[in-house]
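*Asks:* Got a file for you: data-v9.cif, mmCIF, C-alpha atoms.
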```
data_structure
#
loop_
_atom_site.group_PDB
_atom_site.id
_atom_site.type_symbol
_atom_site.label_atom_id
_atom_site.label_comp_id
_atom_site.auth_asym_id
_atom_site.auth_seq_id
_atom_site.Cartn_x
_atom_site.Cartn_y
_atom_site.Cartn_z
ATOM 1 C CA MET A 13 19.492 -32.024 -5.659
ATOM 2 C CA SER A 14 19.062 -28.376 -6.551
ATOM 3 C CA GLY A 15 20.919 -25.076 -6.780
ATOM 4 C CA PHE A 16 22.455 -23.403 -9.810
ATOM 5 C CA VAL A 17 22.243 -25.234 -13.120
ATOM 6 C CA GLU A 18 25.154 -23.057 -14.254
ATOM 7 C CA LYS A 19 26.587 -20.901 -11.471
ATOM 8 C CA PRO A 20 27.722 -17.546 -12.878
ATOM 9 C CA GLU A 21 31.114 -16.019 -12.245
ATOM 10 C CA PRO A 22 30.594 -12.614 -10.617
ATOM 11 C CA LEU A 23 32.098 -9.583 -12.313
ATOM 12 C CA GLN A 24 35.104 -8.069 -10.588
ATOM 13 C CA VAL A 25 34.719 -4.296 -10.305
ATOM 14 C CA PRO A 26 37.502 -2.055 -8.960
ATOM 15 C CA GLY A 27 36.575 -0.634 -5.579
ATOM 16 C CA LEU A 28 33.954 -3.304 -4.901
ATOM 17 C CA VAL A 29 34.343 -6.566 -3.007
ATOM 18 C CA HIS A 30 32.031 -9.369 -4.104
ATOM 19 C CA LEU A 31 30.247 -10.878 -1.098
ATOM 20 C CA HIS A 32 27.584 -13.249 -2.352
ATOM 21 C CA THR A 33 25.837 -14.709 -5.387
ATOM 22 C CA GLY A 34 22.137 -15.199 -4.711
ATOM 23 C CA LYS A 35 19.371 -16.667 -6.825
ATOM 24 C CA VAL A 36 18.848 -13.343 -8.563
ATOM 25 C CA ARG A 37 21.183 -10.783 -6.991
ATOM 26 C CA GLU A 38 24.900 -10.233 -6.785
ATOM 27 C CA LEU A 39 25.971 -8.530 -3.581
ATOM 28 C CA TYR A 40 29.062 -6.352 -3.274
ATOM 29 C CA GLN A 41 30.507 -3.990 -0.670
ATOM 30 C CA ASP A 42 32.015 -0.633 -1.593
ATOM 31 C CA GLU A 43 34.910 1.163 0.070
ATOM 32 C CA ALA A 44 32.535 3.093 2.334
ATOM 33 C CA GLY A 45 31.137 -0.171 3.693
ATOM 34 C CA ASP A 46 27.781 0.194 1.939
ATOM 35 C CA LEU A 47 26.221 -2.711 0.058
ATOM 36 C CA VAL A 48 25.792 -2.722 -3.713
ATOM 37 C CA MET A 49 22.946 -4.990 -4.882
ATOM 38 C CA VAL A 50 22.741 -5.892 -8.560
ATOM 39 C CA ALA A 51 19.564 -7.628 -9.763
ATOM 40 C CA SER A 52 20.330 -10.020 -12.615
ATOM 41 C CA ASP A 53 17.865 -11.469 -15.123
ATOM 42 C CA ARG A 54 18.191 -14.932 -13.582
ATOM 43 C CA THR A 55 15.050 -16.799 -12.621
ATOM 44 C CA SER A 56 14.461 -19.683 -10.257
ATOM 45 C CA ALA A 57 11.831 -22.364 -9.797
ATOM 46 C CA PHE A 58 11.562 -25.387 -7.526
ATOM 47 C CA ASP A 59 14.782 -24.323 -5.742
ATOM 48 C CA TRP A 60 16.760 -24.360 -9.006
ATOM 49 C CA VAL A 61 18.324 -21.284 -10.576
ATOM 50 C CA LEU A 62 17.569 -21.921 -14.229
ATOM 51 C CA PRO A 63 20.032 -21.665 -17.121
ATOM 52 C CA THR A 64 17.764 -19.301 -19.077
ATOM 53 C CA GLU A 65 17.439 -15.602 -18.230
ATOM 54 C CA ILE A 66 14.324 -13.427 -18.608
ATOM 55 C CA PRO A 67 15.327 -10.163 -20.348
ATOM 56 C CA ASP A 68 14.719 -7.001 -18.260
ATOM 57 C CA LYS A 69 13.653 -9.011 -15.221
ATOM 58 C CA GLY A 70 16.264 -7.482 -12.922
ATOM 59 C CA ARG A 71 15.294 -3.977 -13.972
ATOM 60 C CA VAL A 72 11.601 -4.685 -13.386
ATOM 61 C CA LEU A 73 12.339 -5.964 -9.880
ATOM 62 C CA THR A 74 14.515 -2.952 -9.085
ATOM 63 C CA ARG A 75 12.192 -0.295 -10.488
ATOM 64 C CA LEU A 76 9.109 -1.840 -8.889
ATOM 65 C CA SER A 77 10.821 -2.169 -5.508
ATOM 66 C CA LEU A 78 11.783 1.501 -5.622
ATOM 67 C CA TRP A 79 8.181 2.450 -6.410
ATOM 68 C CA TRP A 80 6.904 0.385 -3.486
ATOM 69 C CA PHE A 81 9.510 1.812 -1.107
ATOM 70 C CA ASP A 82 7.996 5.230 -1.836
ATOM 71 C CA GLN A 83 4.466 3.970 -1.103
ATOM 72 C CA LEU A 84 5.567 2.483 2.205
ATOM 73 C CA ALA A 85 7.915 5.192 3.474
ATOM 74 C CA ASP A 86 5.587 6.323 6.256
ATOM 75 C CA LEU A 87 5.217 2.755 7.571
ATOM 76 C CA VAL A 88 8.799 1.515 7.644
ATOM 77 C CA PRO A 89 12.163 2.913 6.502
ATOM 78 C CA ASN A 90 14.064 1.109 3.738
ATOM 79 C CA HIS A 91 17.726 0.400 3.093
ATOM 80 C CA VAL A 92 18.222 2.315 -0.183
ATOM 81 C CA LEU A 93 20.909 5.009 -0.231
ATOM 82 C CA SER A 94 21.336 5.613 -3.955
ATOM 83 C CA THR A 95 20.592 4.324 -7.442
ATOM 84 C CA GLU A 96 23.788 5.830 -8.865
ATOM 85 C CA LEU A 97 26.152 3.376 -10.524
ATOM 86 C CA PRO A 98 29.433 2.890 -8.659
ATOM 87 C CA ALA A 99 32.483 4.161 -10.497
ATOM 88 C CA GLY A 100 33.768 1.549 -12.918
ATOM 89 C CA ALA A 101 30.563 -0.490 -12.929
ATOM 90 C CA PRO A 102 29.528 -1.958 -16.307
ATOM 91 C CA ALA A 103 26.811 -0.192 -18.306
ATOM 92 C CA ASP A 104 24.548 -3.246 -17.973
ATOM 93 C CA TRP A 105 24.186 -2.496 -14.260
ATOM 94 C CA GLU A 106 22.178 0.629 -15.089
ATOM 95 C CA GLY A 107 18.626 0.325 -13.759
ATOM 96 C CA ARG A 108 19.322 -2.825 -11.792
ATOM 97 C CA THR A 109 21.667 -1.549 -9.071
ATOM 98 C CA LEU A 110 20.951 -0.220 -5.580
ATOM 99 C CA VAL A 111 23.472 1.125 -3.096
ATOM 100 C CA CYS A 112 22.120 0.187 0.315
ATOM 101 C CA LYS A 113 22.781 0.482 4.011
ATOM 102 C CA SER A 114 24.542 -2.442 5.610
ATOM 103 C CA LEU A 115 22.068 -3.767 8.168
ATOM 104 C CA GLN A 116 22.051 -6.414 10.848
ATOM 105 C CA MET A 117 19.708 -8.733 8.970
ATOM 106 C CA VAL A 118 17.093 -10.841 10.751
ATOM 107 C CA PRO A 119 17.339 -14.478 9.528
ATOM 108 C CA VAL A 120 13.594 -14.851 8.945
ATOM 109 C CA GLU A 121 11.490 -14.755 5.783
ATOM 110 C CA CYS A 122 8.559 -12.594 6.849
ATOM 111 C CA VAL A 123 5.570 -13.913 4.914
ATOM 112 C CA ALA A 124 2.108 -12.375 4.908
ATOM 113 C CA ARG A 125 -0.857 -14.247 3.457
ATOM 114 C CA GLY A 126 -4.256 -12.839 2.646
ATOM 115 C CA TYR A 127 -5.317 -15.805 0.525
ATOM 116 C CA LEU A 128 -4.798 -19.542 0.813
ATOM 117 C CA THR A 129 -2.521 -21.186 -1.752
ATOM 118 C CA GLY A 130 0.928 -22.718 -2.171
ATOM 119 C CA SER A 131 2.593 -24.290 0.863
ATOM 120 C CA GLY A 132 -0.094 -22.774 3.082
ATOM 121 C CA LEU A 133 -2.756 -24.741 1.229
ATOM 122 C CA VAL A 134 -0.747 -27.966 1.616
ATOM 123 C CA GLU A 135 -0.555 -27.521 5.396
ATOM 124 C CA TYR A 136 -4.203 -26.458 5.603
ATOM 125 C CA LYS A 137 -5.343 -29.646 3.883
ATOM 126 C CA GLU A 138 -3.437 -31.696 6.446
ATOM 127 C CA SER A 139 -4.269 -29.869 9.664
ATOM 128 C CA ARG A 140 -6.544 -26.856 8.998
ATOM 129 C CA THR A 141 -3.639 -24.660 10.069
ATOM 130 C CA VAL A 142 -0.917 -22.552 8.446
ATOM 131 C CA CYS A 143 2.277 -22.174 10.485
ATOM 132 C CA GLY A 144 0.273 -23.407 13.451
ATOM 133 C CA LEU A 145 -2.493 -20.792 13.051
ATOM 134 C CA ALA A 146 -5.957 -22.352 13.016
ATOM 135 C CA LEU A 147 -8.132 -21.465 10.007
ATOM 136 C CA PRO A 148 -11.846 -22.046 9.343
ATOM 137 C CA GLU A 149 -13.176 -25.167 7.668
ATOM 138 C CA GLY A 150 -14.183 -25.086 4.017
ATOM 139 C CA LEU A 151 -11.351 -23.053 2.508
ATOM 140 C CA VAL A 152 -10.059 -23.993 -0.945
ATOM 141 C CA ASP A 153 -7.207 -22.987 -3.238
ATOM 142 C CA GLY A 154 -7.483 -19.219 -3.690
ATOM 143 C CA SER A 155 -9.862 -18.560 -0.771
ATOM 144 C CA GLU A 156 -9.548 -15.162 0.887
ATOM 145 C CA LEU A 157 -8.647 -15.541 4.557
ATOM 146 C CA PRO A 158 -10.770 -13.898 7.275
ATOM 147 C CA ALA A 159 -7.794 -11.591 7.967
ATOM 148 C CA PRO A 160 -4.174 -11.482 6.800
ATOM 149 C CA ILE A 161 -1.838 -13.780 8.724
ATOM 150 C CA PHE A 162 1.881 -13.709 9.487
ATOM 151 C CA THR A 163 3.417 -17.034 8.446
ATOM 152 C CA PRO A 164 7.199 -16.833 8.788
ATOM 153 C CA ALA A 165 9.760 -19.178 7.288
ATOM 154 C CA THR A 166 13.393 -19.997 7.843
ATOM 155 C CA LYS A 167 15.733 -18.354 5.339
ATOM 156 C CA ALA A 168 17.414 -21.072 3.283
ATOM 157 C CA ALA A 169 20.598 -21.070 1.225
ATOM 158 C CA VAL A 170 20.490 -21.209 -2.579
ATOM 159 C CA GLY A 171 19.268 -24.651 -3.602
ATOM 160 C CA GLU A 172 17.498 -25.289 -0.306
ATOM 161 C CA HIS A 173 13.856 -24.727 0.507
ATOM 162 C CA ASP A 174 12.520 -22.228 3.025
ATOM 163 C CA GLU A 175 10.644 -24.039 5.785
ATOM 164 C CA ASN A 176 7.502 -22.595 7.352
ATOM 165 C CA VAL A 177 7.778 -22.148 11.112
ATOM 166 C CA SER A 178 5.491 -20.974 13.881
ATOM 167 C CA TYR A 179 5.518 -17.491 15.373
ATOM 168 C CA GLU A 180 6.639 -19.065 18.638
ATOM 169 C CA GLU A 181 9.693 -20.511 16.887
ATOM 170 C CA VAL A 182 10.579 -17.088 15.485
ATOM 171 C CA ALA A 183 10.280 -15.605 18.981
ATOM 172 C CA ARG A 184 12.566 -18.339 20.278
ATOM 173 C CA GLN A 185 15.157 -17.634 17.583
ATOM 174 C CA VAL A 186 15.217 -13.828 17.544
ATOM 175 C CA GLY A 187 13.509 -12.825 20.781
ATOM 176 C CA ALA A 188 9.941 -11.899 21.628
ATOM 177 C CA ASP A 189 10.343 -8.153 21.022
ATOM 178 C CA THR A 190 11.895 -8.593 17.582
ATOM 179 C CA ALA A 191 9.312 -11.228 16.610
ATOM 180 C CA ALA A 192 6.515 -8.829 17.559
ATOM 181 C CA GLN A 193 8.100 -6.024 15.508
ATOM 182 C CA LEU A 194 8.457 -8.327 12.492
ATOM 183 C CA ARG A 195 4.830 -9.439 12.674
ATOM 184 C CA GLN A 196 3.491 -5.915 13.093
ATOM 185 C CA ALA A 197 5.582 -4.486 10.250
ATOM 186 C CA THR A 198 4.863 -7.395 7.909
ATOM 187 C CA LEU A 199 1.104 -7.180 8.323
ATOM 188 C CA ALA A 200 1.069 -3.380 8.118
ATOM 189 C CA VAL A 201 3.052 -3.376 4.868
ATOM 190 C CA TYR A 202 0.981 -6.198 3.408
ATOM 191 C CA SER A 203 -2.285 -4.435 4.237
ATOM 192 C CA ARG A 204 -1.128 -1.170 2.651
ATOM 193 C CA ALA A 205 0.121 -2.954 -0.472
ATOM 194 C CA ARG A 206 -3.010 -5.130 -0.724
ATOM 195 C CA ASP A 207 -5.216 -2.055 -0.807
ATOM 196 C CA ILE A 208 -3.031 -0.279 -3.375
ATOM 197 C CA ALA A 209 -2.953 -3.352 -5.615
ATOM 198 C CA ARG A 210 -6.698 -3.899 -5.254
ATOM 199 C CA ASP A 211 -7.350 -0.368 -6.530
ATOM 200 C CA ARG A 212 -5.401 -1.354 -9.641
ATOM 201 C CA GLY A 213 -7.306 -4.577 -10.259
ATOM 202 C CA ILE A 214 -4.703 -6.895 -8.752
ATOM 203 C CA ILE A 215 -5.038 -9.274 -5.801
ATOM 204 C CA LEU A 216 -1.944 -9.510 -3.602
ATOM 205 C CA ALA A 217 -2.393 -13.081 -2.436
ATOM 206 C CA ASP A 218 0.785 -13.312 -0.392
ATOM 207 C CA THR A 219 4.251 -11.831 -0.215
ATOM 208 C CA LYS A 220 7.493 -12.068 1.717
ATOM 209 C CA PHE A 221 9.809 -9.444 3.166
ATOM 210 C CA GLU A 222 13.256 -9.270 4.690
ATOM 211 C CA PHE A 223 14.084 -6.927 7.537
ATOM 212 C CA GLY A 224 17.221 -5.805 9.278
ATOM 213 C CA PHE A 225 18.191 -3.443 12.054
ATOM 214 C CA GLU A 226 20.019 -0.141 11.796
ATOM 215 C CA GLY A 227 20.799 0.327 15.446
ATOM 216 C CA GLU A 228 17.439 -0.151 17.156
ATOM 217 C CA ASN A 229 15.395 0.747 14.066
ATOM 218 C CA LEU A 230 13.723 -1.966 11.978
ATOM 219 C CA VAL A 231 14.376 -1.429 8.255
ATOM 220 C CA ILE A 232 12.875 -3.216 5.258
ATOM 221 C CA ALA A 233 15.481 -4.547 2.837
ATOM 222 C CA ASP A 234 16.156 -6.493 -0.348
ATOM 223 C CA GLU A 235 13.225 -6.387 -2.810
ATOM 224 C CA VAL A 236 9.613 -5.670 -1.935
ATOM 225 C CA LEU A 237 6.323 -6.626 -3.529
ATOM 226 C CA THR A 238 7.683 -7.839 -6.857
ATOM 227 C CA PRO A 239 6.498 -10.771 -8.982
ATOM 228 C CA ASP A 240 9.471 -12.704 -7.588
ATOM 229 C CA SER A 241 8.516 -12.202 -3.946
ATOM 230 C CA SER A 242 4.714 -12.054 -4.249
ATOM 231 C CA ARG A 243 1.727 -13.737 -5.798
ATOM 232 C CA PHE A 244 -0.203 -11.213 -7.879
ATOM 233 C CA TRP A 245 -3.517 -12.345 -9.383
ATOM 234 C CA PRO A 246 -5.748 -10.439 -11.816
ATOM 235 C CA ALA A 247 -8.820 -9.613 -9.734
ATOM 236 C CA ASP A 248 -11.254 -10.039 -12.601
ATOM 237 C CA GLN A 249 -10.137 -13.664 -13.068
ATOM 238 C CA TRP A 250 -10.071 -14.697 -9.410
ATOM 239 C CA GLN A 251 -12.027 -17.877 -8.820
ATOM 240 C CA PRO A 252 -11.461 -19.853 -5.598
ATOM 241 C CA GLY A 253 -11.230 -23.602 -5.984
ATOM 242 C CA ARG A 254 -8.623 -23.670 -8.735
ATOM 243 C CA ALA A 255 -5.149 -22.414 -9.566
ATOM 244 C CA GLN A 256 -5.284 -18.688 -10.339
ATOM 245 C CA SER A 257 -3.954 -16.729 -13.273
ATOM 246 C CA SER A 258 -0.928 -14.785 -12.113
ATOM 247 C CA TYR A 259 1.704 -12.141 -12.796
ATOM 248 C CA ASP A 260 4.675 -14.182 -11.687
ATOM 249 C CA LYS A 261 6.756 -17.241 -12.559
ATOM 250 C CA GLN A 262 3.794 -19.564 -12.940
ATOM 251 C CA PHE A 263 4.449 -19.877 -16.682
ATOM 252 C CA VAL A 264 7.893 -21.203 -15.799
ATOM 253 C CA ARG A 265 6.655 -23.607 -13.139
ATOM 254 C CA ASP A 266 3.856 -24.920 -15.331
ATOM 255 C CA TRP A 267 6.178 -25.552 -18.259
ATOM 256 C CA LEU A 268 8.772 -27.312 -16.117
ATOM 257 C CA THR A 269 6.138 -29.735 -14.809
ATOM 258 C CA SER A 270 4.552 -30.278 -18.230
ATOM 259 C CA GLY A 271 5.209 -33.085 -20.650
ATOM 260 C CA GLU A 272 6.797 -30.607 -23.058
ATOM 261 C CA SER A 273 9.800 -30.081 -20.773
ATOM 262 C CA SER A 274 10.319 -33.828 -20.117
ATOM 263 C CA TRP A 275 11.879 -32.865 -16.778
ATOM 264 C CA ASP A 276 11.454 -35.132 -13.770
ATOM 265 C CA ARG A 277 11.198 -32.827 -10.787
ATOM 266 C CA ALA A 278 11.880 -35.749 -8.442
ATOM 267 C CA GLY A 279 14.915 -36.899 -10.411
ATOM 268 C CA GLU A 280 18.554 -35.905 -10.172
ATOM 269 C CA GLN A 281 18.872 -34.029 -13.463
ATOM 270 C CA PRO A 282 18.688 -30.221 -13.467
ATOM 271 C CA PRO A 283 15.847 -28.505 -15.337
ATOM 272 C CA PRO A 284 16.322 -27.813 -19.053
ATOM 273 C CA PRO A 285 16.607 -24.409 -20.732
ATOM 274 C CA LEU A 286 13.334 -22.529 -21.196
ATOM 275 C CA PRO A 287 11.866 -22.237 -24.689
ATOM 276 C CA GLN A 288 11.518 -18.768 -26.161
ATOM 277 C CA HIS A 289 7.729 -18.629 -25.840
ATOM 278 C CA ILE A 290 7.961 -19.195 -22.076
ATOM 279 C CA VAL A 291 10.681 -16.540 -21.782
ATOM 280 C CA ASP A 292 8.562 -14.053 -23.732
ATOM 281 C CA ALA A 293 5.379 -14.801 -21.760
ATOM 282 C CA THR A 294 7.150 -14.475 -18.422
ATOM 283 C CA ARG A 295 8.771 -11.173 -19.381
ATOM 284 C CA ALA A 296 5.401 -9.834 -20.572
ATOM 285 C CA LYS A 297 3.711 -10.739 -17.283
ATOM 286 C CA TYR A 298 6.402 -9.071 -15.182
ATOM 287 C CA ILE A 299 6.140 -5.901 -17.230
ATOM 288 C CA GLU A 300 2.336 -5.984 -17.123
ATOM 289 C CA ALA A 301 2.462 -6.242 -13.325
ATOM 290 C CA TYR A 302 4.797 -3.237 -13.190
ATOM 291 C CA GLU A 303 2.620 -1.145 -15.488
ATOM 292 C CA ARG A 304 -0.666 -1.994 -13.786
ATOM 293 C CA LEU A 305 0.668 -1.369 -10.289
ATOM 294 C CA THR A 306 2.568 1.847 -10.987
ATOM 295 C CA GLY A 307 0.311 3.262 -13.692
ATOM 296 C CA THR A 308 3.357 4.046 -15.823
ATOM 297 C CA SER A 309 4.637 2.596 -19.095
ATOM 298 C CA TRP A 310 7.656 0.321 -18.947
ATOM 299 C CA ALA A 311 9.184 1.688 -22.149
#
```
Kindly transcribe the structure held in the file into structure tokens.
*Replies:*
Amino acid sequence: MSGFVEKPEPLQVPGLVHLHTGKVRELYQDEAGDLVMVASDRTSAFDWVLPTEIPDKGRVLTRLSLWWFDQLADLVPNHVLSTELPAGAPADWEGRTLVCKSLQMVPVECVARGYLTGSGLVEYKESRTVCGLALPEGLVDGSELPAPIFTPATKAAVGEHDENVSYEEVARQVGADTAAQLRQATLAVYSRARDIARDRGIILADTKFEFGFEGENLVIADEVLTPDSSRFWPADQWQPGRAQSSYDKQFVRDWLTSGESSWDRAGEQPPPPLPQHIVDATRAKYIEAYERLTGTSWA
């Protein structure tokens, strides 16, 4: 069992129609037909949306995504129309709201991996492959791959787990031409972002993107290259063969699986609230990732 520990009630805003409550974002549509995405401070782990929020998290995700969209503009267009608050929106939406184009979304999580870890490592240990792609012998947790790989996944509903699939399965689902566009765009964006992050002392181990179509044009959407959608590792602490230090939710995951939480991940009970020290550490890591990548102060 998984999903929301406490599912929030979306705010009702005049002129906006609420469409969807996601793990982090609330999605609305305005009277012009554009989408209004509001990034909350919710956090998720192990397919649960936790009852404890991380202060400023939604603003970090929004501001960092906007910065990355600028870095990637020559590679792929994005869906952002405006950062202006819709009329009547609450003040708390400031800094966490994007007005976006309504796209025909592709139902694929477009994952790029430059390093072996996570679900890719699990598959590699079983078959020396990731999403059906053969990899060399001798790789360990944290190993850099010979070249970045495209390892797509199915897009799951809240409370369900994305499942890795082969490129051939993506081509079967969305067509060969679209699959080829997704792979090319995913690897191009990953390679650009990897080099930018590396210059700032951060390893971009892997990341995932969502794409949609505006007519015949492929457009990148949702969030990009944030600590929620990526694994960022401090380069000076990288050491293959062990779990890496990170700028993401690892503090949360580690605490939930520790004796301190007393939570049985395999059981039927939802995870408990996070203690303040885990909230503070997670917030600090998100902000540190933002500051190191952008070169600007959060405050």
*Asks:* Give me, as a PyMOL selection string, all polymer residues having an atom no more than 9 Å from segment 180-187 of chain A, counting all atoms listed in the file and skipping those fewer than 6 positions away in the same chain.
*Replies:* chain A and resi 118-120+164-166
*Asks:* Any chance you can output those residues with C-alpha atoms as a compact mmCIF listing (two decimals), keeping the file's coordinate frame?
*Replies:*
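Full text of result20.txt as output:
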```txt
# COMPACT_ATOMS: atom_id res chain seq x y z
CA VAL A 118 17.09 -10.84 10.75
CA PRO A 119 17.34 -14.48 9.53
CA VAL A 120 13.59 -14.85 8.94
CA PRO A 164 7.20 -16.83 8.79
CA ALA A 165 9.76 -19.18 7.29
CA THR A 166 13.39 -20.00 7.84
```
*Asks:* Just so the selection is clear, what residues does the PyMOL selection byres ((chain A and resi 17-26) around 9) cover here, as an MDAnalysis selection string?
*Replies:* chainID A and resid 14:16 27:30 32:33 38 60:63 99:102 282:284
*Asks:* Keeping only C-alpha atoms, write the selected residues as a compact mmCIF listing (two decimals), in the frame of the given file.
*Replies:*
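Once written, out33.txt looks like this:
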```
# COMPACT_ATOMS: atom_id res chain seq x y z
CA SER A 14 19.06 -28.38 -6.55
CA GLY A 15 20.92 -25.08 -6.78
CA PHE A 16 22.46 -23.40 -9.81
CA GLY A 27 36.58 -0.63 -5.58
CA LEU A 28 33.95 -3.30 -4.90
CA VAL A 29 34.34 -6.57 -3.01
CA HIS A 30 32.03 -9.37 -4.10
CA HIS A 32 27.58 -13.25 -2.35
CA THR A 33 25.84 -14.71 -5.39
CA GLU A 38 24.90 -10.23 -6.78
CA TRP A 60 16.76 -24.36 -9.01
CA VAL A 61 18.32 -21.28 -10.58
CA LEU A 62 17.57 -21.92 -14.23
CA PRO A 63 20.03 -21.66 -17.12
CA ALA A 99 32.48 4.16 -10.50
CA GLY A 100 33.77 1.55 -12.92
CA ALA A 101 30.56 -0.49 -12.93
CA PRO A 102 29.53 -1.96 -16.31
CA PRO A 282 18.69 -30.22 -13.47
CA PRO A 283 15.85 -28.50 -15.34
CA PRO A 284 16.32 -27.81 -19.05
```
*Asks:* In Å, with one decimal, what is the gap from atom CA of Leu39 of chain A to atom CA of Ile232 of chain A?
*Replies:*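 Value for the atom CA of Leu39 of chain A-atom CA of Ile232 of chain A distance: 16.7 Å.
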*Asks:* Between A:Ser131, A:Ser274, A:Gln83, A:Ser114, single out the one closest to Tyr40 of chain A, counting only C-alpha atoms.
*Replies:* A:Ser114
*Asks:* Using all atoms listed in the file, determine which residues lie at most 7 Å from Ser242 of chain A, disregarding the query and same-chain residues fewer than 5 positions distant; provide the list as a ChimeraX atom specification.
*Replies:* /A:218-220,237
*Asks:* Skipping near chain neighbours, those fewer than 2 positions away, what residues fall within 12 Å of Arg210 of chain A using all atoms listed in the file, listed as a PyMOL selection string?
*Replies:* chain A and resi 202-208+212-217+244-248+304-305
*Asks:* Within 12 Å of (21.2, -11.8, -17.6), all atoms listed in the file: residues as a list of chain:residue names?
*Replies:*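 Result, sorted by chain then residue number: A:Pro20, A:Pro22, A:Lys35, A:Val36, A:Arg37, A:Glu38, A:Val50, A:Ala51, A:Ser52, A:Asp53, A:Arg54, A:Thr55, A:Leu62, A:Pro63, A:Thr64, A:Glu65, A:Ile66, A:Pro67, A:Asp68, A:Lys69, A:Gly70, A:Arg71, A:Asp104, A:Trp105, A:Arg108.
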*Asks:* Only C-alpha atoms needed: put segment 92-106 of chain A from the block into a file as a short mmCIF file (atom, residue, chain, number, x, y, z; two decimals), in the first residue's frame.
*Replies:*
```cif
data_model
loop_
_atom_site.label_atom_id
_atom_site.label_comp_id
_atom_site.auth_asym_id
_atom_site.auth_seq_id
_atom_site.Cartn_x
_atom_site.Cartn_y
_atom_site.Cartn_z
CA VAL A 92 6.68 28.06 -19.46
CA LEU A 93 4.55 31.06 -20.44
CA SER A 94 4.73 33.19 -17.30
CA THR A 95 5.67 33.28 -13.63
CA GLU A 96 3.01 35.89 -12.84
CA LEU A 97 0.48 34.88 -10.20
CA PRO A 98 -3.05 34.41 -11.54
CA ALA A 99 -5.56 36.94 -10.28
CA GLY A 100 -6.97 35.88 -6.93
CA ALA A 101 -4.21 33.37 -6.20
CA PRO A 102 -3.02 33.20 -2.57
CA ALA A 103 0.20 34.99 -1.62
CA ASP A 104 1.82 31.65 -0.73
CA TRP A 105 1.83 30.74 -4.43
CA GLU A 106 4.45 33.42 -5.08
#
```
